[in-house]
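With CSV, C-alpha atoms inside, this is data_38.csv:
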```csv
chain,number,residue,atom,x,y,z
A,27,MET,CA,-3.5,5.4,1.4
A,28,ILE,CA,-1.3,4.3,-1.5
A,29,GLU,CA,1.8,6.4,-1.9
A,30,LEU,CA,3.5,6.5,-5.2
A,31,LYS,CA,7.3,6.8,-4.9
A,32,THR,CA,9.5,9.0,-7.0
A,33,PRO,CA,12.5,7.6,-8.9
A,34,ALA,CA,14.8,9.0,-6.3
A,35,GLU,CA,12.8,7.3,-3.5
A,36,ILE,CA,12.9,4.0,-5.3
A,37,ASP,CA,16.7,4.4,-5.5
A,38,ARG,CA,16.7,4.7,-1.8
A,39,MET,CA,14.6,1.6,-1.4
A,40,HIS,CA,17.1,-0.1,-3.6
A,41,VAL,CA,19.9,0.6,-1.1
A,42,ALA,CA,17.9,-1.3,1.5
A,43,GLY,CA,17.1,-4.0,-1.0
A,44,ARG,CA,20.7,-4.6,-1.9
A,45,PHE,CA,21.5,-5.1,1.8
A,46,VAL,CA,18.6,-7.5,2.3
A,47,ALA,CA,19.9,-9.5,-0.6
A,48,GLU,CA,23.3,-9.5,0.9
A,49,VAL,CA,22.1,-10.8,4.2
A,50,LEU,CA,19.9,-13.5,2.7
A,51,THR,CA,22.8,-14.7,0.5
A,52,GLU,CA,25.0,-14.9,3.6
A,53,ILE,CA,22.4,-16.8,5.6
A,54,GLY,CA,22.0,-19.2,2.7
A,55,ARG,CA,25.8,-19.8,2.7
A,56,LEU,CA,25.9,-20.4,6.4
A,57,ALA,CA,22.9,-22.7,6.7
A,58,ASP,CA,24.2,-26.2,6.9
A,59,VAL,CA,23.7,-29.5,8.7
A,60,GLY,CA,24.5,-29.0,12.3
A,61,VAL,CA,23.9,-25.2,12.3
A,62,ASN,CA,21.5,-23.8,14.9
A,63,LEU,CA,18.8,-21.4,13.9
A,64,LEU,CA,19.8,-19.1,16.8
A,65,ASP,CA,23.3,-18.8,15.3
A,66,LEU,CA,21.8,-17.7,12.0
A,67,GLU,CA,19.6,-15.1,13.9
A,68,HIS,CA,22.6,-13.7,15.7
A,69,HIS,CA,24.6,-13.5,12.5
A,70,ALA,CA,21.8,-11.5,10.9
A,71,ARG,CA,21.7,-9.2,13.9
A,72,GLY,CA,25.4,-8.5,13.6
A,73,MET,CA,25.2,-7.7,9.9
A,74,ILE,CA,22.2,-5.3,10.5
A,75,LYS,CA,24.0,-3.6,13.4
A,76,ARG,CA,27.2,-3.1,11.5
A,77,ARG,CA,25.3,-1.7,8.5
A,78,GLY,CA,23.4,0.8,10.7
A,79,ALA,CA,20.2,-0.7,9.4
A,80,GLU,CA,16.9,-1.1,11.3
A,81,SER,CA,15.1,-4.4,11.6
A,82,CYS,CA,11.4,-4.2,10.6
A,83,TYR,CA,10.7,-7.3,12.7
A,84,TRP,CA,12.1,-6.4,16.1
A,85,ASP,CA,9.1,-5.4,18.2
A,86,TYR,CA,6.7,-6.0,15.3
A,87,ALA,CA,3.3,-6.6,16.9
A,88,PRO,CA,0.4,-7.1,14.4
A,89,SER,CA,-3.0,-8.4,15.3
A,90,PHE,CA,-2.2,-12.0,14.3
A,91,GLY,CA,1.0,-12.3,16.3
A,92,LYS,CA,1.4,-13.2,20.0
A,93,GLY,CA,3.2,-10.3,21.5
A,94,PRO,CA,6.1,-8.4,19.9
A,95,PHE,CA,8.5,-10.3,17.6
A,96,ARG,CA,11.9,-10.2,19.2
A,97,ASN,CA,14.1,-11.4,16.4
A,98,VAL,CA,15.4,-9.8,13.2
A,99,ILE,CA,14.8,-12.6,10.7
A,100,CYS,CA,12.1,-15.2,10.2
A,101,LEU,CA,13.5,-18.7,9.9
A,102,SER,CA,10.9,-21.4,9.0
A,103,VAL,CA,11.7,-25.1,8.7
A,104,ASN,CA,10.0,-27.8,6.6
A,105,ASP,CA,6.2,-27.5,7.1
A,106,ALA,CA,6.7,-24.0,8.6
A,107,VAL,CA,6.4,-21.3,5.9
A,108,LEU,CA,5.8,-17.9,7.4
A,109,HIS,CA,6.9,-15.9,10.5
A,110,GLY,CA,9.1,-18.7,11.8
A,111,LEU,CA,10.4,-17.7,15.2
A,112,PRO,CA,14.1,-18.5,15.5
A,113,HIS,CA,14.6,-21.0,18.3
A,114,ASP,CA,17.0,-23.7,19.5
A,115,TYR,CA,16.8,-26.0,16.6
A,116,THR,CA,19.8,-27.6,14.8
A,117,LEU,CA,19.4,-28.1,11.1
A,118,ARG,CA,19.3,-31.6,9.8
A,119,ASP,CA,20.2,-33.1,6.4
A,120,GLY,CA,17.3,-32.5,4.0
A,121,ASP,CA,15.6,-29.8,5.9
A,122,VAL,CA,13.8,-27.1,3.9
A,123,LEU,CA,14.7,-23.6,5.3
A,124,THR,CA,12.9,-20.4,4.5
A,125,ALA,CA,14.6,-17.1,5.5
A,126,ASP,CA,12.5,-13.9,5.4
A,127,LEU,CA,14.0,-10.5,6.1
A,128,ALA,CA,12.9,-6.9,6.0
A,129,VAL,CA,15.1,-3.9,7.0
A,130,GLY,CA,15.0,-0.2,6.8
A,131,ILE,CA,17.9,2.1,5.9
A,132,ASP,CA,17.6,5.8,6.2
A,133,GLY,CA,13.8,5.5,6.4
A,134,TRP,CA,13.2,3.2,3.4
A,135,VAL,CA,12.4,-0.5,3.6
A,136,ALA,CA,12.9,-3.6,1.5
A,137,ASP,CA,11.6,-7.1,2.1
A,138,SER,CA,12.6,-10.5,0.6
A,139,ALA,CA,12.5,-14.2,1.3
A,140,ARG,CA,14.1,-17.3,-0.1
A,141,THR,CA,13.8,-21.1,0.5
A,142,ILE,CA,16.8,-23.5,0.3
A,143,VAL,CA,17.4,-27.1,1.1
A,144,VAL,CA,20.1,-27.9,3.7
A,145,GLY,CA,22.3,-30.8,2.7
A,146,THR,CA,20.8,-33.5,0.6
A,147,ALA,CA,17.8,-32.3,-1.4
A,148,ALA,CA,14.8,-34.4,-2.3
A,149,GLU,CA,13.4,-33.7,-5.8
A,150,GLU,CA,9.9,-33.0,-4.5
A,151,ASP,CA,11.3,-30.2,-2.3
A,152,LEU,CA,13.3,-28.7,-5.2
A,153,ARG,CA,10.2,-28.8,-7.3
A,154,LEU,CA,8.2,-26.9,-4.7
A,155,ILE,CA,10.9,-24.3,-4.3
A,156,ARG,CA,11.1,-24.0,-8.1
A,157,ALA,CA,7.4,-23.4,-8.3
A,158,THR,CA,7.5,-20.4,-5.9
A,159,GLU,CA,10.5,-19.0,-7.8
A,160,GLU,CA,8.7,-19.3,-11.1
A,161,ALA,CA,5.6,-17.8,-9.7
A,162,LEU,CA,7.5,-14.9,-8.3
A,163,GLU,CA,9.1,-14.2,-11.7
A,164,ALA,CA,5.7,-14.4,-13.4
A,165,ALA,CA,4.3,-12.0,-10.8
A,166,ILE,CA,7.2,-9.6,-11.5
A,167,GLU,CA,6.6,-9.8,-15.2
A,168,ALA,CA,3.0,-8.8,-14.6
A,169,ALA,CA,3.9,-5.8,-12.5
A,170,ARG,CA,3.8,-3.3,-15.3
A,171,PRO,CA,2.0,0.1,-15.7
A,172,GLY,CA,-1.5,-0.4,-17.2
A,173,ASN,CA,-1.9,-3.9,-15.8
A,174,ARG,CA,-4.2,-4.6,-12.9
A,175,LEU,CA,-3.4,-6.0,-9.4
A,176,GLY,CA,-5.4,-9.1,-10.4
A,177,ASP,CA,-2.9,-9.7,-13.2
A,178,ILE,CA,-0.2,-10.3,-10.6
A,179,SER,CA,-2.3,-12.6,-8.5
A,180,ALA,CA,-3.5,-14.5,-11.6
A,181,ALA,CA,0.1,-15.0,-12.7
A,182,ILE,CA,1.0,-16.6,-9.4
A,183,TRP,CA,-2.1,-18.7,-9.4
A,184,ALA,CA,-1.4,-20.0,-12.9
A,185,VAL,CA,2.1,-21.2,-12.0
A,186,ALA,CA,0.8,-22.9,-8.8
A,187,SER,CA,-2.0,-24.6,-10.7
A,188,GLY,CA,0.4,-25.8,-13.4
A,189,TYR,CA,2.4,-27.5,-10.7
A,190,GLY,CA,-0.7,-28.8,-8.9
A,191,TYR,CA,-0.2,-26.8,-5.7
A,192,PRO,CA,-3.1,-25.3,-3.8
A,193,VAL,CA,-2.9,-21.6,-2.9
A,194,ASN,CA,-3.7,-19.9,0.4
A,195,THR,CA,-5.0,-16.3,0.2
A,196,GLU,CA,-4.8,-15.3,3.9
A,197,PHE,CA,-1.3,-14.1,3.6
A,198,GLY,CA,0.3,-12.7,0.4
A,199,GLY,CA,2.1,-9.7,-1.0
A,200,HIS,CA,1.7,-6.1,0.2
A,201,GLY,CA,2.6,-2.5,-0.3
A,202,ILE,CA,6.0,-1.4,1.0
A,203,GLY,CA,8.1,1.7,1.2
A,204,ARG,CA,8.4,3.8,4.3
A,205,THR,CA,7.2,0.9,6.4
A,206,MET,CA,7.2,-2.9,5.9
A,207,HIS,CA,3.4,-3.1,5.3
A,208,GLU,CA,1.7,-0.4,3.4
A,209,ASP,CA,-1.7,-0.4,1.7
A,210,LEU,CA,-2.6,-3.0,-0.9
A,211,HIS,CA,-2.9,-6.7,-0.2
A,212,VAL,CA,-1.7,-8.8,-3.1
A,213,PRO,CA,-3.3,-12.3,-2.9
A,214,ASN,CA,-1.5,-15.2,-4.4
A,215,LYS,CA,-4.7,-16.2,-6.3
A,216,GLY,CA,-6.9,-13.9,-8.4
A,217,ARG,CA,-8.5,-13.0,-11.7
A,218,ALA,CA,-6.7,-11.1,-14.4
A,219,GLY,CA,-8.0,-7.7,-15.4
A,220,ARG,CA,-9.4,-7.1,-11.9
A,221,GLY,CA,-8.4,-4.7,-9.2
A,222,LEU,CA,-6.3,-1.5,-9.0
A,223,LYS,CA,-4.7,-0.3,-12.1
A,224,LEU,CA,-0.9,-0.4,-11.7
A,225,GLN,CA,1.0,2.9,-11.9
A,226,PRO,CA,4.7,3.9,-12.0
A,227,GLY,CA,5.9,4.6,-8.5
A,228,LEU,CA,3.9,1.7,-6.9
A,229,THR,CA,6.2,-0.5,-4.7
A,230,LEU,CA,5.1,-4.0,-3.7
A,231,ALA,CA,6.5,-7.0,-1.9
A,232,LEU,CA,5.4,-9.9,-4.0
A,233,GLU,CA,5.6,-13.3,-2.2
A,234,PRO,CA,4.2,-16.5,-3.5
A,235,TRP,CA,4.3,-19.3,-1.0
A,236,PHE,CA,2.9,-22.8,-1.3
A,237,ALA,CA,2.4,-25.9,0.7
A,238,ARG,CA,2.7,-29.2,-1.2
A,239,THR,CA,-0.8,-30.6,-0.4
A,240,THR,CA,-3.0,-28.0,1.4
A,241,ASP,CA,-4.1,-24.4,1.4
A,242,ARG,CA,-4.9,-24.4,5.1
A,243,ILE,CA,-2.6,-23.2,7.8
A,244,VAL,CA,-2.1,-23.6,11.6
A,245,TYR,CA,-0.1,-21.6,14.2
A,246,ASP,CA,2.5,-22.9,16.6
A,247,PRO,CA,2.0,-22.3,20.3
A,248,ASP,CA,4.6,-19.5,20.0
A,249,GLY,CA,1.8,-17.5,18.3
A,250,TRP,CA,3.9,-16.6,15.3
A,251,THR,CA,5.2,-19.6,13.3
A,252,ILE,CA,2.7,-20.6,10.5
A,253,ARG,CA,2.7,-24.2,9.2
A,254,SER,CA,0.8,-26.2,6.6
A,255,ALA,CA,-2.2,-27.7,8.3
A,256,ASP,CA,-1.4,-31.2,7.1
A,257,GLY,CA,2.3,-31.1,7.8
A,258,SER,CA,3.3,-31.1,4.2
A,259,ARG,CA,6.5,-29.2,3.2
A,260,THR,CA,6.4,-25.5,2.2
A,261,ALA,CA,8.4,-22.9,0.2
A,262,HIS,CA,8.3,-19.2,-0.1
A,263,SER,CA,10.0,-16.7,-2.5
A,264,GLU,CA,9.7,-12.9,-2.2
A,265,HIS,CA,11.1,-9.8,-3.7
A,266,THR,CA,10.4,-6.1,-3.3
A,267,VAL,CA,9.5,-4.7,-6.7
A,268,ALA,CA,9.0,-1.1,-8.0
A,269,ILE,CA,6.7,-0.5,-11.0
A,270,THR,CA,8.4,2.0,-13.3
A,271,GLU,CA,7.7,3.5,-16.7
A,272,ASP,CA,10.2,1.0,-18.1
A,273,GLY,CA,8.6,-2.0,-16.4
A,274,PRO,CA,9.2,-3.8,-13.1
A,275,ARG,CA,12.4,-3.1,-11.2
A,276,VAL,CA,13.4,-5.7,-8.6
A,277,LEU,CA,15.0,-4.0,-5.6
A,278,THR,CA,16.1,-7.1,-3.7
A,279,ARG,CA,17.6,-9.3,-6.5
A,280,ARG,CA,20.5,-11.4,-5.3
A,281,GLU,CA,23.7,-11.6,-7.4
A,282,SER,CA,23.3,-15.3,-7.8
A,283,GLU,CA,19.9,-14.7,-9.6
A,284,GLY,CA,21.4,-12.2,-12.1
A,285,GLY,CA,19.2,-9.5,-13.6
```
For this file, write the structure as structure tokens.
Amino acid sequence: MIELKTPAEIDRMHVAGRFVAEVLTEIGRLADVGVNLLDLEHHARGMIKRRGAESCYWDYAPSFGKGPFRNVICLSVNDAVLHGLPHDYTLRDGDVLTADLAVGIDGWVADSARTIVVGTAAEEDLRLIRATEEALEAAIEAARPGNRLGDISAAIWAVASGYGYPVNTEFGGHGIGRTMHEDLHVPNKGRAGRGLKLQPGLTLALEPWFARTTDRIVYDPDGWTIRSADGSRTAHSEHTVAITEDGPRVLTRRESEGG
């Protein structure tokens, strides 16, 4: 069932969204050569505890996972792109790191992800990250009343195609609000003018993610971490967005992004 949120409820989601943005900004600041992923995990735990927020990941146990997730943030490195299980790994110069976080505050949830390069950045990695960021902005622009769900998917696909990146459709965006995953799957590839008509009050997590040279994925033995099937590097950008009468409202925008 799709639940349309009132303006007041969207404001409450924005409270969670601002905090998610704050944590991701801090994780991006701390991530550096020589830093262990477990240190980033524990720093996120501390921020969540001090805020009185609730991690949406802790004890999360969907059908595709292997047992409950016992961390508060997903940290994915290089060819890993989704659901990266924080583990004993020390970041190296040139690593591509994706941090993905969803938390609830007072019963309302927000979800966001960003990819950065640790230390010295290779141009091809920056290009991949830039593609996901541009695809996300195109998706947000399409999230307007009267448009269709397929317009969002087509906007993402158009950017990926322009960069020459293949697109996986197994994992994509989703509805969000009282819980992390609500009805509506938003594929990162689709046809404009198709699908559900977008209405004010609809809240979505939009999340283009690309691998450089494949649309196929594989799972680590941990049962969670998803990687590109050919080992090529990956990137992932995500925001929680509310569709309003005045257009899209980004609830997880970081200060560094403006807007």
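Reported to one decimal place, the separation of atom CA of Glu208 of chain A from atom CA of Leu63 of chain A is 29.0 Å.
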Exercise for review: Mind giving me the straight-line distance from atom CA of Ala237 of chain A to atom CA of Phe90 of chain A in Å, one decimal?
Suggested key: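 Taking atom CA of Ala237 of chain A and atom CA of Phe90 of chain A, their separation equals 20.0 Å.
Nearest residue to Ala231 of chain A among A:Gly60, A:Gly219, A:Pro247, A:Gly199 is A:Gly199, counting all atoms listed in the file.
Going from atom CA of Arg96 of chain A to atom CA of Ala125 of chain A covers 15.6 Å.
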Each segment 149-262 of chain A residue no farther than 10 Å from segment 68-85 of chain A, nearest pair in Å, all atoms listed in the file, as a Markdown table:
```
| residue | atom | partner | partner_atom | distance |
| --- | --- | --- | --- | --- |
| A:Thr205 | CA | A:Cys82 | CA | 7.8 |
| A:Met206 | CA | A:Cys82 | CA | 6.4 |
| A:His207 | CA | A:Cys82 | CA | 9.7 |
```
Check your understanding: Counting all atoms listed in the file, what is within 12 Å of segment 116-121 of chain A, bar same-chain residues fewer than 5 positions away, as JSON, numbers by chain?
Key -> {"A": [56, 57, 58, 59, 60, 61, 62, 63, 64, 65, 66, 101, 102, 103, 104, 105, 106, 141, 142, 143, 144, 145, 146, 147, 148, 149, 150, 151, 152, 259, 260, 261]}
Exercise for review: Find the spatial neighbours of Tyr189 of chain A, counting only C-alpha atoms, within a cut-off of 9 Å - ignore same-chain residues fewer than 5 positions away - and output them as a ChimeraX atom specification.
Suggested key: /A:153-154,157,184
May I have the residues from that selection written out with C-alpha atoms, as a PDB file, keeping the file's coordinate frame?
```
ATOM      1  CA  ARG A 153      10.200 -28.800  -7.300  1.00  0.00           C
ATOM      2  CA  LEU A 154       8.200 -26.900  -4.700  1.00  0.00           C
ATOM      3  CA  ALA A 157       7.400 -23.400  -8.300  1.00  0.00           C
ATOM      4  CA  ALA A 184      -1.400 -20.000 -12.900  1.00  0.00           C
TER       5      ALA A 184
END
```
Kindly list the centre and edge lengths in Å, rounded to one decimal, for the axis-aligned box that covers all listed atoms of segment 209-215 of chain A plus 5 Å on each of its six sides, as lines of an AutoDock Vina configuration file.
```
center_x = -3.1
center_y = -8.3
center_z = -2.3
size_x = 13.2
size_y = 25.8
size_z = 18.0
```
Please tell me which residues are no farther than 12 Å from (6.2, -16.9, -3.8) in the file, counting all atoms listed in the file, and write them as a PDB file with C-alpha atoms, in the frame of the given file.
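So out-v5.pdb came out as:
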```
ATOM      1  CA  VAL A 107       6.400 -21.300   5.900  1.00  0.00           C
ATOM      2  CA  LEU A 108       5.800 -17.900   7.400  1.00  0.00           C
ATOM      3  CA  THR A 124      12.900 -20.400   4.500  1.00  0.00           C
ATOM      4  CA  ASP A 126      12.500 -13.900   5.400  1.00  0.00           C
ATOM      5  CA  SER A 138      12.600 -10.500   0.600  1.00  0.00           C
ATOM      6  CA  ALA A 139      12.500 -14.200   1.300  1.00  0.00           C
ATOM      7  CA  ARG A 140      14.100 -17.300  -0.100  1.00  0.00           C
ATOM      8  CA  THR A 141      13.800 -21.100   0.500  1.00  0.00           C
ATOM      9  CA  LEU A 154       8.200 -26.900  -4.700  1.00  0.00           C
ATOM     10  CA  ILE A 155      10.900 -24.300  -4.300  1.00  0.00           C
ATOM     11  CA  ARG A 156      11.100 -24.000  -8.100  1.00  0.00           C
ATOM     12  CA  ALA A 157       7.400 -23.400  -8.300  1.00  0.00           C
ATOM     13  CA  THR A 158       7.500 -20.400  -5.900  1.00  0.00           C
ATOM     14  CA  GLU A 159      10.500 -19.000  -7.800  1.00  0.00           C
ATOM     15  CA  GLU A 160       8.700 -19.300 -11.100  1.00  0.00           C
ATOM     16  CA  ALA A 161       5.600 -17.800  -9.700  1.00  0.00           C
ATOM     17  CA  LEU A 162       7.500 -14.900  -8.300  1.00  0.00           C
ATOM     18  CA  GLU A 163       9.100 -14.200 -11.700  1.00  0.00           C
ATOM     19  CA  ALA A 164       5.700 -14.400 -13.400  1.00  0.00           C
ATOM     20  CA  ALA A 165       4.300 -12.000 -10.800  1.00  0.00           C
ATOM     21  CA  ILE A 166       7.200  -9.600 -11.500  1.00  0.00           C
ATOM     22  CA  ILE A 178      -0.200 -10.300 -10.600  1.00  0.00           C
ATOM     23  CA  SER A 179      -2.300 -12.600  -8.500  1.00  0.00           C
ATOM     24  CA  ALA A 181       0.100 -15.000 -12.700  1.00  0.00           C
ATOM     25  CA  ILE A 182       1.000 -16.600  -9.400  1.00  0.00           C
ATOM     26  CA  TRP A 183      -2.100 -18.700  -9.400  1.00  0.00           C
ATOM     27  CA  VAL A 185       2.100 -21.200 -12.000  1.00  0.00           C
ATOM     28  CA  ALA A 186       0.800 -22.900  -8.800  1.00  0.00           C
ATOM     29  CA  TYR A 191      -0.200 -26.800  -5.700  1.00  0.00           C
ATOM     30  CA  VAL A 193      -2.900 -21.600  -2.900  1.00  0.00           C
ATOM     31  CA  ASN A 194      -3.700 -19.900   0.400  1.00  0.00           C
ATOM     32  CA  THR A 195      -5.000 -16.300   0.200  1.00  0.00           C
ATOM     33  CA  PHE A 197      -1.300 -14.100   3.600  1.00  0.00           C
ATOM     34  CA  GLY A 198       0.300 -12.700   0.400  1.00  0.00           C
ATOM     35  CA  GLY A 199       2.100  -9.700  -1.000  1.00  0.00           C
ATOM     36  CA  VAL A 212      -1.700  -8.800  -3.100  1.00  0.00           C
ATOM     37  CA  PRO A 213      -3.300 -12.300  -2.900  1.00  0.00           C
ATOM     38  CA  ASN A 214      -1.500 -15.200  -4.400  1.00  0.00           C
ATOM     39  CA  LYS A 215      -4.700 -16.200  -6.300  1.00  0.00           C
ATOM     40  CA  ALA A 231       6.500  -7.000  -1.900  1.00  0.00           C
ATOM     41  CA  LEU A 232       5.400  -9.900  -4.000  1.00  0.00           C
ATOM     42  CA  GLU A 233       5.600 -13.300  -2.200  1.00  0.00           C
ATOM     43  CA  PRO A 234       4.200 -16.500  -3.500  1.00  0.00           C
ATOM     44  CA  TRP A 235       4.300 -19.300  -1.000  1.00  0.00           C
ATOM     45  CA  PHE A 236       2.900 -22.800  -1.300  1.00  0.00           C
ATOM     46  CA  ALA A 237       2.400 -25.900   0.700  1.00  0.00           C
ATOM     47  CA  THR A 260       6.400 -25.500   2.200  1.00  0.00           C
ATOM     48  CA  ALA A 261       8.400 -22.900   0.200  1.00  0.00           C
ATOM     49  CA  HIS A 262       8.300 -19.200  -0.100  1.00  0.00           C
ATOM     50  CA  SER A 263      10.000 -16.700  -2.500  1.00  0.00           C
ATOM     51  CA  GLU A 264       9.700 -12.900  -2.200  1.00  0.00           C
ATOM     52  CA  HIS A 265      11.100  -9.800  -3.700  1.00  0.00           C
ATOM     53  CA  THR A 266      10.400  -6.100  -3.300  1.00  0.00           C
TER      54      THR A 266
END
```
Practice item. Compare A:Pro226, A:Ile131, A:Asp114, A:Gly176 by their minimum atom-to-atom distance to Asp272 of chain A, counting all atoms listed in the file, and give me the closest one. Key: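 That would be A:Pro226, the residue with the smallest distance to Asp272 of chain A.
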